[in-house]
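S.K.: Have a look at the structure that comes next, please.
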Amino acid sequence: MEIEVDIEGYTDRELAKKYKHLQPGANRKSAEITQDFERLMTEGYVMIEGLLTQSECDEIKNESLPLMHHKGRNVFEGERTQRLYNVLAKTRCIDRLADHPRILGLMDLLFNPNFLLSQSQVINILPGETQQATHFDDGFYPIPRPRQPLGAASIWAIDDFTEENGATVVIPKSHIWDGQQRPAPEQEIHAVMPAGSVIFFLGTTWHGGGANQTEKPRLAVTHQYCEAFMRQQENYLLELDKKTVQSLSPELRALVGYSVHSPFMGMVNGTHPLRSLED
């Protein structure tokens with residue numbers, strides 16, 4: 001059976017020329033990204049400061065907070081934590097974080113081409129919230145540890161992250177643990193960083209939200225990613241209508257699933273999914 005896809009050697013060569021795979025640009029290759037990646041693979045996480053300005057953080061706060069009406073449904077989500085789901089259908093204010101070249105540059109080194117966005121949230125930890133149970137994000141893929149990560153995540157500090165206001169707790173080098181090891185309190189460190197910074201960690205790295213012992217909330221944005229051959233946590237193809245997808249950057253369209261993983265994973269009626277936006 002012949003299938004029209006955008007890969008050289010298949011039947012629809014004109015489509016192949018029109019819908020080429022997104023290739024990493026120069027802004028996704030640098031000595032800084034290489035250095036970040038080395039630390040990521042050694043420690044299981046890396047923190048990067050100064051990627052957002054204060055005005056950009058303020059814009060995200062001003063646009064996202066009015067959309068946040070619900071608190072967590074259980075202790076893990078946080079009974080004193082506000083979470084905004086289906087963010088990409090509601091606002092464009094965090095797009096630039098999902099496809100930030102410094103993050104995608106790390107993803108280029110970590111995963112196969114055509115990796116996907118798995119989920120996005122805005123998280124506001126309110127005063128009095130307790131520490132979240134530590135966990136690793138790609139644990140829902142039932143593949144025994146130790147293993148290579150199948151997911152990765154960024155947590156962006158929109159407010160300053162401090163030990164007192166709920167900075168993410170991370171356990172260094174826990175990404176290499178087997179399936180029997182569990183974190184002890186003395187192994188935890190807090191991802192203390194100023195607003196505009198990001199912590200990026202592997203899906204196998206143990207971590208959790210910190211306790212907020214202050215009188216002010218602590219706002220963050222998280223984007224999670226996965227290998228192209230794994231199922232995403234969010235079903236973006238149902239969440240996002242075509243008009244919304246058309247408003248996304250080419251990188252973000254590919255990340256939410258309007259892409260093909262060789263040879264034809266992700267096709268729609270035998271063709272590239274971007275073709276469906278032309279209907």
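Here's how to read the names in the structure tokens: chain A, B, ... by the order shown, residue numbers from 1 in each chain, ligand numbers from 1 in the order shown.
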Extract, using only C-alpha atoms, all DNA, RNA and protein residues at most 8 Å from segment 244-257 of chain A, discarding same-chain residues fewer than 6 positions from it, and format them as a list in words.
M.R.: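 Residues meeting the cut-off are Leu22, Ala89, Asp95, Ala98, Asp99, Asn114, Phe115, Leu116, Leu117, Ser118, Tyr236, Leu237, Gly266 and Leu277 of chain A.
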S.K.: Find the residues near Leu219 of chain A: any atom within 7 Å, counting only C-alpha atoms, skip ones fewer than 2 places away on the same chain, and give them as a list in words.
M.R.: Ile123, Asn124, Ile125, Ala157, Ile158, Asp159 and Pro217 of chain A
S.K.: From a DSSP calculation on the backbone, collect every residue of segment 1-189 of chain A in helix (DSSP H, G or I) and output the set as a PyMOL selection string.
M.R.: chain A and resi 13-18+26-28+31-43+54-67+87-89+95-98+101-110+137-140+174-176+185-187
S.K.: Counting only C-alpha atoms, figure out which residue out of A:Gln131, A:Asp241, A:Leu202, A:Met230 gets nearest to Met265 of chain A.
M.R.: A:Met230
S.K.: At a cut-off of 12 Å, can you tabulate as CSV every residue of segment 213-249 of chain A near segment 195-199 of chain A together with its closest atom pair and the distance in Å to one decimal, using only C-alpha atoms and ordering rows by chain then number?
M.R.:
residue,atom,partner,partner_atom,distance
A:Arg218,CA,A:Ala195,CA,10.1
A:Leu219,CA,A:Ala195,CA,9.4
A:Ala220,CA,A:Ala195,CA,9.2
A:Val221,CA,A:Val198,CA,9.2
A:Thr222,CA,A:Val198,CA,9.2
A:His223,CA,A:Val198,CA,10.7
A:Gln224,CA,A:Ile199,CA,11.8
S.K.: Which residues are near Asp178 of chain A? Cut-off 9 Å, only C-alpha atoms, ignore same chain within fewer than 6 positions. Put them as a PyMOL selection string.
M.R.: chain A and resi 144-147
S.K.: Generate a file of the selected residues that holds N, CA and C atoms, formatted as a tab-separated table (two decimals), in the first residue's frame.
M.R.:
chain	number	residue	atom	x	y	z
A	144	PRO	N	10.39	-0.76	33.08
A	144	PRO	CA	11.20	-0.81	34.30
A	144	PRO	C	12.39	0.14	34.25
A	145	ARG	N	12.74	0.67	35.41
A	145	ARG	CA	13.95	1.45	35.61
A	145	ARG	C	15.06	0.51	36.06
A	146	PRO	N	16.33	0.91	35.89
A	146	PRO	CA	16.82	2.13	35.25
A	146	PRO	C	16.65	2.06	33.73
A	147	ARG	N	16.43	3.21	33.12
A	147	ARG	CA	16.21	3.30	31.68
A	147	ARG	C	16.41	4.74	31.23
